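Source file entry39.csv; content: CSV, C-alpha atoms and all ligand atoms.
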chain,number,residue,atom,x,y,z
A,1,MET,CA,-14.6,-19.1,2.1
A,2,ASN,CA,-17.9,-20.4,0.7
A,3,ARG,CA,-19.3,-19.7,-2.7
A,4,VAL,CA,-22.1,-17.5,-1.3
A,5,ILE,CA,-19.6,-15.1,0.1
A,6,GLU,CA,-17.4,-15.2,-3.0
A,7,ALA,CA,-20.5,-14.4,-5.1
A,8,LEU,CA,-20.9,-11.2,-3.0
A,9,PHE,CA,-17.3,-9.9,-3.4
A,10,ALA,CA,-16.6,-10.9,-7.0
A,11,PRO,CA,-19.0,-8.3,-8.6
A,12,LEU,CA,-17.9,-5.6,-6.0
A,13,TRP,CA,-14.2,-6.2,-6.9
A,14,GLN,CA,-14.8,-6.1,-10.7
A,15,GLN,CA,-16.8,-2.8,-10.3
A,16,TYR,CA,-14.1,-1.3,-8.1
A,17,LEU,CA,-11.3,-2.4,-10.4
A,18,ALA,CA,-13.0,-0.8,-13.4
A,19,ILE,CA,-12.4,2.7,-12.0
A,20,THR,CA,-9.4,2.0,-9.7
A,21,PRO,CA,-6.5,1.0,-12.0
A,22,SER,CA,-4.0,1.6,-9.1
A,23,ALA,CA,-5.6,-1.4,-7.3
A,24,GLY,CA,-4.7,-3.8,-10.1
A,25,ALA,CA,-1.2,-2.3,-10.3
A,26,ILE,CA,-0.8,-2.7,-6.5
A,27,HIS,CA,-1.9,-6.3,-6.7
A,28,ARG,CA,0.8,-7.0,-9.1
A,29,LEU,CA,3.4,-5.1,-7.1
A,30,LEU,CA,2.6,-6.6,-3.7
A,31,GLY,CA,1.4,-10.1,-4.7
A,32,GLY,CA,3.8,-10.8,-7.5
A,33,GLY,CA,1.2,-13.0,-9.0
A,34,ALA,CA,0.1,-14.6,-5.7
A,35,PRO,CA,-3.4,-14.0,-4.4
A,36,ILE,CA,-3.9,-10.9,-2.1
A,37,VAL,CA,-6.1,-11.5,0.9
A,38,ASN,CA,-8.9,-8.9,1.3
A,39,ASP,CA,-9.2,-7.7,4.9
A,40,HIS,CA,-12.4,-5.7,4.4
A,41,ILE,CA,-14.4,-3.5,2.1
A,42,ALA,CA,-16.2,-0.3,2.9
A,43,LEU,CA,-19.7,0.8,1.7
A,44,ARG,CA,-21.3,4.2,2.0
A,45,GLY,CA,-25.0,4.9,2.6
A,46,LEU,CA,-27.6,7.5,3.6
A,47,ALA,CA,-29.2,7.3,7.0
A,48,GLY,CA,-32.9,8.0,7.0
A,49,SER,CA,-33.4,6.9,3.4
A,50,VAL,CA,-34.0,3.5,1.6
A,51,LEU,CA,-30.2,3.4,1.0
A,52,ASP,CA,-29.3,3.2,4.7
A,53,LEU,CA,-26.9,1.0,6.5
A,54,GLN,CA,-29.5,-1.7,7.1
A,55,ALA,CA,-30.3,-2.0,3.4
A,56,LEU,CA,-26.6,-2.3,2.5
A,57,ALA,CA,-26.1,-4.9,5.2
A,58,ARG,CA,-29.0,-7.1,4.1
A,59,PRO,CA,-27.2,-9.2,1.4
A,60,PHE,CA,-24.3,-9.8,3.9
A,61,LEU,CA,-26.7,-10.8,6.7
A,62,ALA,CA,-28.4,-13.2,4.3
A,63,ALA,CA,-24.9,-14.8,3.7
A,64,GLY,CA,-24.3,-15.4,7.4
A,65,TYR,CA,-22.6,-12.1,8.4
A,66,ARG,CA,-23.4,-10.6,11.8
A,67,PHE,CA,-23.1,-7.0,13.1
A,68,ALA,CA,-20.1,-6.5,15.3
A,69,GLY,CA,-18.7,-3.1,16.2
A,70,ASP,CA,-20.4,0.3,15.9
A,71,TYR,CA,-18.6,3.7,15.4
A,72,GLN,CA,-19.6,7.4,15.5
A,73,PHE,CA,-18.0,10.2,13.5
A,74,VAL,CA,-19.7,13.3,15.0
A,75,ALA,CA,-18.0,16.0,12.9
A,76,LYS,CA,-18.5,14.2,9.6
A,77,LYS,CA,-22.2,13.4,10.6
A,78,LEU,CA,-21.6,9.7,10.0
A,79,ASP,CA,-22.5,6.5,11.9
A,80,ALA,CA,-20.9,3.2,11.0
A,81,ARG,CA,-21.0,-0.5,11.9
A,82,HIS,CA,-19.0,-3.4,10.8
A,83,LEU,CA,-20.1,-6.9,10.0
A,84,GLN,CA,-18.1,-10.1,10.3
A,85,HIS,CA,-18.6,-13.7,9.4
A,86,PRO,CA,-18.0,-16.8,11.6
A,87,ASP,CA,-15.6,-17.8,8.8
A,88,VAL,CA,-12.6,-15.7,9.8
A,89,ASP,CA,-11.3,-15.9,6.2
A,90,ALA,CA,-14.3,-13.9,5.0
A,91,PRO,CA,-13.6,-10.2,4.5
A,92,LYS,CA,-15.1,-7.9,7.0
A,93,VAL,CA,-17.6,-5.3,5.8
A,94,PHE,CA,-17.5,-1.7,7.1
A,95,ILE,CA,-20.7,0.2,6.4
A,96,SER,CA,-21.2,3.9,7.1
A,97,GLU,CA,-24.1,6.2,6.6
A,98,LEU,CA,-24.5,10.0,6.4
A,99,LYS,CA,-27.1,11.4,8.8
A,100,LEU,CA,-29.0,13.4,6.3
A,101,HIS,CA,-31.3,15.0,8.9
A,102,GLU,CA,-28.2,16.7,10.5
A,103,CYS,CA,-27.2,18.2,7.1
A,104,SER,CA,-28.3,21.5,5.6
A,105,PRO,CA,-31.8,21.9,4.1
A,106,GLN,CA,-30.1,22.4,0.7
A,107,LEU,CA,-28.2,19.1,0.9
A,108,GLN,CA,-31.4,17.3,2.0
A,109,THR,CA,-33.3,18.8,-0.9
A,110,ILE,CA,-30.8,17.6,-3.4
A,111,PHE,CA,-30.7,14.1,-2.0
A,112,ALA,CA,-34.6,14.1,-1.9
A,113,ARG,CA,-34.4,14.8,-5.7
A,114,LEU,CA,-31.9,12.1,-6.3
A,115,LEU,CA,-33.7,9.5,-4.2
A,116,ALA,CA,-37.0,10.3,-5.9
A,117,GLN,CA,-35.5,8.7,-9.0
A,118,LEU,CA,-35.1,5.3,-7.4
A,119,PRO,CA,-37.5,2.5,-8.6
A,120,ALA,CA,-39.8,1.1,-6.0
A,121,GLY,CA,-38.3,-1.8,-4.1
A,122,THR,CA,-34.7,-0.7,-4.7
A,123,GLU,CA,-33.8,-1.3,-1.0
A,124,GLN,CA,-34.7,-5.0,-1.4
A,125,ARG,CA,-32.2,-5.7,-4.1
A,126,LEU,CA,-29.7,-8.3,-3.1
A,127,ASP,CA,-27.2,-6.6,-5.4
A,128,LEU,CA,-27.7,-3.2,-3.8
A,129,PRO,CA,-24.1,-2.9,-2.5
A,130,TRP,CA,-22.9,-2.8,-6.2
A,131,ALA,CA,-26.0,-1.3,-7.8
A,132,GLY,CA,-24.0,1.8,-8.9
A,133,ARG,CA,-25.6,5.2,-9.3
A,134,LEU,CA,-29.3,5.0,-9.8
A,135,TRP,CA,-30.0,8.7,-10.5
A,136,GLN,CA,-29.1,11.5,-12.8
A,137,LEU,CA,-26.8,14.1,-11.2
A,138,CYS,CA,-25.7,17.5,-12.6
A,139,GLN,CA,-22.3,19.0,-11.9
A,140,ALA,CA,-23.7,22.0,-9.9
A,141,ASP,CA,-25.5,19.6,-7.4
A,142,TYR,CA,-22.3,17.5,-7.1
A,143,GLN,CA,-20.4,20.7,-6.3
A,144,THR,CA,-22.9,21.9,-3.7
A,145,LEU,CA,-22.9,18.5,-1.9
A,146,ALA,CA,-19.2,18.0,-2.0
A,147,ASP,CA,-18.6,21.6,-0.6
A,148,GLU,CA,-20.7,20.7,2.4
A,149,SER,CA,-19.6,17.1,2.8
A,150,GLU,CA,-17.0,15.3,0.7
A,151,TYR,CA,-18.8,12.1,1.7
A,152,ALA,CA,-22.1,13.4,0.4
A,153,GLY,CA,-20.5,14.4,-2.9
A,154,TRP,CA,-18.9,11.0,-3.3
A,155,VAL,CA,-22.1,9.0,-2.7
A,156,ALA,CA,-24.1,11.2,-5.1
A,157,ALA,CA,-21.5,10.8,-7.8
A,158,TRP,CA,-20.6,7.2,-7.5
A,159,GLY,CA,-23.7,5.7,-5.9
A,160,LEU,CA,-23.6,2.2,-4.5
A,161,ARG,CA,-20.2,0.5,-4.9
A,162,ALA,CA,-17.3,-0.5,-2.7
A,163,ASN,CA,-15.5,2.7,-1.6
A,164,HIS,CA,-12.3,0.7,-1.0
A,165,PHE,CA,-10.9,-2.8,-0.7
A,166,THR,CA,-8.1,-3.5,1.8
A,167,VAL,CA,-5.0,-5.6,1.5
A,168,SER,CA,-4.4,-7.8,4.5
A,169,VAL,CA,-0.8,-6.9,5.4
A,170,ASN,CA,-0.6,-9.8,7.8
A,171,ALA,CA,-1.1,-12.2,4.9
A,172,LEU,CA,1.8,-10.6,3.0
A,173,GLY,CA,4.2,-11.2,6.0
A,174,LEU,CA,5.5,-7.6,5.8
A,175,SER,CA,5.3,-4.7,8.2
A,176,LEU,CA,3.0,-1.8,7.2
A,177,GLU,CA,6.0,0.5,7.0
A,178,ALA,CA,7.6,-1.9,4.4
A,179,VAL,CA,4.4,-1.9,2.4
A,180,ASN,CA,4.1,1.9,2.4
A,181,GLU,CA,7.8,2.2,1.4
A,182,ARG,CA,7.3,-0.1,-1.6
A,183,LEU,CA,4.2,1.8,-2.7
A,184,ARG,CA,6.0,5.1,-2.4
A,185,GLN,CA,9.0,3.8,-4.4
A,186,ALA,CA,6.6,2.7,-7.1
A,187,GLY,CA,5.1,6.2,-7.2
A,188,PHE,CA,1.7,5.7,-5.5
A,189,ALA,CA,0.4,8.7,-3.5
A,190,LEU,CA,-0.6,7.8,0.0
A,191,ASN,CA,-3.1,9.6,2.3
A,192,THR,CA,-1.1,11.5,4.9
A,193,ALA,CA,-4.1,12.8,7.0
A,194,GLY,CA,-3.3,11.9,10.6
A,195,GLY,CA,0.1,10.5,9.5
A,196,LEU,CA,1.0,7.9,7.0
A,197,ILE,CA,0.0,5.1,9.4
A,198,LYS,CA,-3.2,5.4,11.4
A,199,GLY,CA,-3.5,3.4,14.6
A,200,SER,CA,-0.8,1.5,16.4
A,201,PRO,CA,0.1,-2.0,17.7
A,202,ALA,CA,-1.3,-0.9,21.1
A,203,GLU,CA,-4.7,-0.3,19.4
A,204,LEU,CA,-4.3,-3.7,17.6
A,205,LEU,CA,-4.8,-2.2,14.2
A,206,GLU,CA,-2.6,-0.1,11.8
A,207,GLN,CA,-3.9,1.2,8.5
A,208,SER,CA,-2.7,3.2,5.6
A,209,SER,CA,-4.3,4.0,2.2
A,210,THR,CA,-3.7,5.5,-1.2
A,211,VAL,CA,-5.5,8.7,-2.1
A,212,ALA,CA,-8.4,7.9,-4.5
A,213,ASP,CA,-7.7,7.4,-8.2
A,214,LEU,CA,-9.2,10.2,-10.3
A,215,ALA,CA,-11.8,8.9,-12.7
A,216,GLU,CA,-14.0,10.4,-15.4
A,217,LEU,CA,-17.7,10.5,-14.5
A,218,GLN,CA,-20.6,11.2,-16.7
A,219,PHE,CA,-22.9,13.9,-15.2
A,220,SER,CA,-26.2,14.9,-16.8
A,221,ASP,CA,-24.5,18.0,-18.2
A,222,GLY,CA,-21.1,16.8,-19.1
A,223,VAL,CA,-18.0,14.7,-18.1
A,224,ARG,CA,-15.8,15.6,-15.2
A,225,THR,CA,-12.8,14.0,-13.5
A,226,ILE,CA,-13.3,13.5,-9.8
A,227,PRO,CA,-11.9,11.3,-7.0
A,228,GLY,CA,-13.2,7.7,-7.1
A,229,CYS,CA,-12.0,4.8,-5.0
A,230,PHE,CA,-8.8,4.1,-3.1
A,231,TYR,CA,-6.9,1.1,-1.8
A,232,GLU,CA,-6.3,0.4,1.9
A,233,PHE,CA,-3.7,-1.6,3.8
A,234,ALA,CA,-4.4,-3.1,7.3
A,235,ARG,CA,-2.2,-4.9,9.7
A,236,ARG,CA,-4.0,-6.5,12.7
A,237,TYR,CA,-2.5,-7.6,16.0
A,238,PRO,CA,-3.6,-10.4,18.3
A,239,GLN,CA,-5.9,-9.7,21.2
A,240,ALA,CA,-5.6,-11.3,24.7
A,241,ASP,CA,-7.3,-14.5,23.4
A,242,GLY,CA,-4.7,-14.9,20.6
A,243,GLN,CA,-7.2,-14.1,17.8
A,244,LEU,CA,-6.4,-11.1,15.6
A,245,TYR,CA,-8.4,-8.0,16.6
A,246,PRO,CA,-11.4,-8.0,14.2
A,247,GLY,CA,-12.7,-4.4,14.8
A,248,PHE,CA,-11.9,-0.9,13.6
A,249,ILE,CA,-10.6,2.3,15.3
A,250,ALA,CA,-12.9,5.3,14.9
A,251,ALA,CA,-10.1,7.9,15.1
A,252,SER,CA,-8.2,6.0,12.3
A,253,ALA,CA,-11.3,5.5,10.1
A,254,ASP,CA,-12.0,9.2,10.5
A,255,LYS,CA,-8.8,10.0,8.7
A,256,ILE,CA,-9.2,7.2,6.1
A,257,PHE,CA,-12.5,8.9,5.0
A,258,SER,CA,-10.3,11.8,3.7
A,259,SER,CA,-8.8,9.5,1.0
A,260,THR,CA,-11.7,10.5,-1.4
A,261,ASP,CA,-11.4,14.3,-0.7
A,262,ARG,CA,-11.0,16.5,-3.8
A,263,ARG,CA,-7.5,17.8,-4.2
B,301,NI,NI,-11.2,0.6,5.5

As structure tokens, how would this structure be written, given the file I've shared?
Amino acid sequence: MNRVIEALFAPLWQQYLAITPSAGAIHRLLGGGAPIVNDHIALRGLAGSVLDLQALARPFLAAGYRFAGDYQFVAKKLDARHLQHPDVDAPKVFISELKLHECSPQLQTIFARLLAQLPAGTEQRLDLPWAGRLWQLCQADYQTLADESEYAGWVAAWGLRANHFTVSVNALGLSLEAVNERLRQAGFALNTAGGLIKGSPAELLEQSSTVADLAELQFSDGVRTIPGCFYEFARRYPQADGQLYPGFIAASADKIFSSTDRR
């Protein structure tokens, strides 16, 4: 993997690790000191705004990534695409965006207020994917957004950052069942929406994930503990051409989104 790509993922990882202590603990548990291969990260944006999928993709496109699959999540009002790099060792990037215009007028009004706080030219920043939260947010607005859409609440609260990183289970040489069992024995809570394992060998991709770590967040009117980021585990299977399937399964991703729901 070249240095340009490493320079994109290093700050994303440090930012993620700072609020996701379970990720560091899982690294030590599964890697035992050896490096863990990152299958993909996921980013969350807002369609119809300067923080849309295209703006989040820009730094990756500049580093040689190309758009590959696209995915729709009708009930959640999300669209997504994934990007991959000609270097198959480079992590894939899954970017989704909430279709604001399909949401309630109340939700749109709150986001208009948040987005009005962005400095001009924000969308051009090459560090946009890890720019963090660029607005002040009060607890009542967070509550209103999250009650309508957990995704909307998460984006408003956490801003621009990796929503999750993903352990390549292939690189561990274990089955996903074995990984899940080790995590459960170590006391990590896993997302059971749609079953512990989403997808199947027939679909060429199996995924599981932790539920998001809870983290303290500073709102404009106080501190509150809310779901932050989670860790995902992916096992890919070879396609007819012998290469590992590089895409995603919409039905599985739909359940993975639930990993950041309030509990
Ligand atoms: Ni994922």

Please report as CSV every residue of chain A lying within 9 Å of ligand NI 301 (chain B), along with the nearest atom pair and their distance in Å (one decimal), using only C-alpha atoms and all ligand atoms.
residue,atom,partner,partner_atom,distance
A:Asp39,CA,B:NI301,NI,8.6
A:His40,CA,B:NI301,NI,6.5
A:Ile41,CA,B:NI301,NI,6.2
A:Ala42,CA,B:NI301,NI,5.7
A:Val93,CA,B:NI301,NI,8.7
A:Phe94,CA,B:NI301,NI,6.9
A:Asn163,CA,B:NI301,NI,8.6
A:His164,CA,B:NI301,NI,6.6
A:Phe165,CA,B:NI301,NI,7.1
A:Thr166,CA,B:NI301,NI,6.3
A:Gln207,CA,B:NI301,NI,7.9
A:Ser208,CA,B:NI301,NI,8.9
A:Ser209,CA,B:NI301,NI,8.4
A:Tyr231,CA,B:NI301,NI,8.5
A:Glu232,CA,B:NI301,NI,6.1
A:Phe233,CA,B:NI301,NI,8.0
A:Ala234,CA,B:NI301,NI,7.9
A:Phe248,CA,B:NI301,NI,8.3
A:Ala253,CA,B:NI301,NI,6.7
A:Ile256,CA,B:NI301,NI,6.9
A:Phe257,CA,B:NI301,NI,8.4

Figure out the distance between CA of Gly64 (chain A) and CA of Ala152 (chain A), please, to one decimal in Å. 29.7 Å

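Considering the residues A:Ala120, A:Asp127, A:Ile5, A:Ala250 and counting only C-alpha atoms, Gln84 (chain A) has its shortest atom-to-atom contact with A:Ile5.
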
As an exercise, work out the distance from CA of Ala47 (chain A) to CA of Thr225 (chain A) in Å and give it to one decimal place.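 According to the coordinates, CA of Ala47 (chain A) and CA of Thr225 (chain A) are separated by 27.1 Å.
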
Separation of CA of Arg224 (chain A) from CA of Gln139 (chain A), in Å and rounded to one decimal: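 These atoms are spaced 8.0 Å apart.
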
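Among the candidate residues A:Arg263, A:Arg182, A:Arg125, A:His82, the one lying nearest to Gly247 (chain A) is A:His82, with distances computed using all atoms listed in the file.
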
For Phe73 (chain A), the closest of A:Tyr151, A:Phe219, A:Tyr16, A:Trp158 counting only C-alpha atoms is A:Tyr151

If we draw a sphere of 12 Å around (-20.5, 17.0, -18.5), which residues have at least one atom in it when counting only C-alpha atoms? Please report them as JSON, numbers by chain. {"A": [136, 137, 138, 139, 140, 142, 216, 217, 218, 219, 220, 221, 222, 223, 224, 225, 226]}

Would you kindly return, as JSON, numbers by chain, each protein, DNA or RNA residue with an atom no farther than 8 Å from any atom of Lys198 (chain A), considering all atoms listed in the file and excluding same-chain residues fewer than 3 positions away? {"A": [194, 195, 206, 207, 208, 252, 255]}

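Nearest to Ile110 (chain A) of all the residues A:Leu145, A:Val88, A:Ala68, A:Leu172 is A:Leu145, based on all atoms listed in the file.
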
Within 9 Å of region 129-133 of chain A, counting only C-alpha atoms, which residues qualify if same-chain residues fewer than 4 places away don't, as a PyMOL selection string? chain A and resi 8+11-12+15+43-44+55-57+59+125+155-162

Top pick for closest residue to Pro105 (chain A), considering A:Thr144, A:Thr260, A:Tyr237, A:Phe230 and counting only C-alpha atoms: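 Among the listed residues, A:Thr144 lies closest to Pro105 (chain A).
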
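Nearest to Ala202 (chain A) of all the residues A:Gln106, A:Gln185, A:Asn170, A:Gln239 is A:Gln239, based on all atoms listed in the file.
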
Can you pull out every residue within 8 Å of Thr20 (chain A), counting only C-alpha atoms, but drop anything in the same chain fewer than 4 positions away, and send it as a PyMOL selection string? chain A and resi 16+24+212-213+215+228-230

With C-alpha atoms retained, could you export that selection as a JSON list (two decimals), in the coordinates of the input?
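As a result, again15.json now contains:
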[["chain", "number", "residue", "atom", "x", "y", "z"],
["A", 16, "TYR", "CA", -14.10, -1.30, -8.10],
["A", 24, "GLY", "CA", -4.70, -3.80, -10.10],
["A", 212, "ALA", "CA", -8.40, 7.90, -4.50],
["A", 213, "ASP", "CA", -7.70, 7.40, -8.20],
["A", 215, "ALA", "CA", -11.80, 8.90, -12.70],
["A", 228, "GLY", "CA", -13.20, 7.70, -7.10],
["A", 229, "CYS", "CA", -12.00, 4.80, -5.00],
["A", 230, "PHE", "CA", -8.80, 4.10, -3.10]]

Exercise: Leu205 (chain A) partners within 7 Å, only C-alpha atoms, chain neighbours under 3 positions left out, as a PyMOL selection string: chain A and resi 199-201+234-237
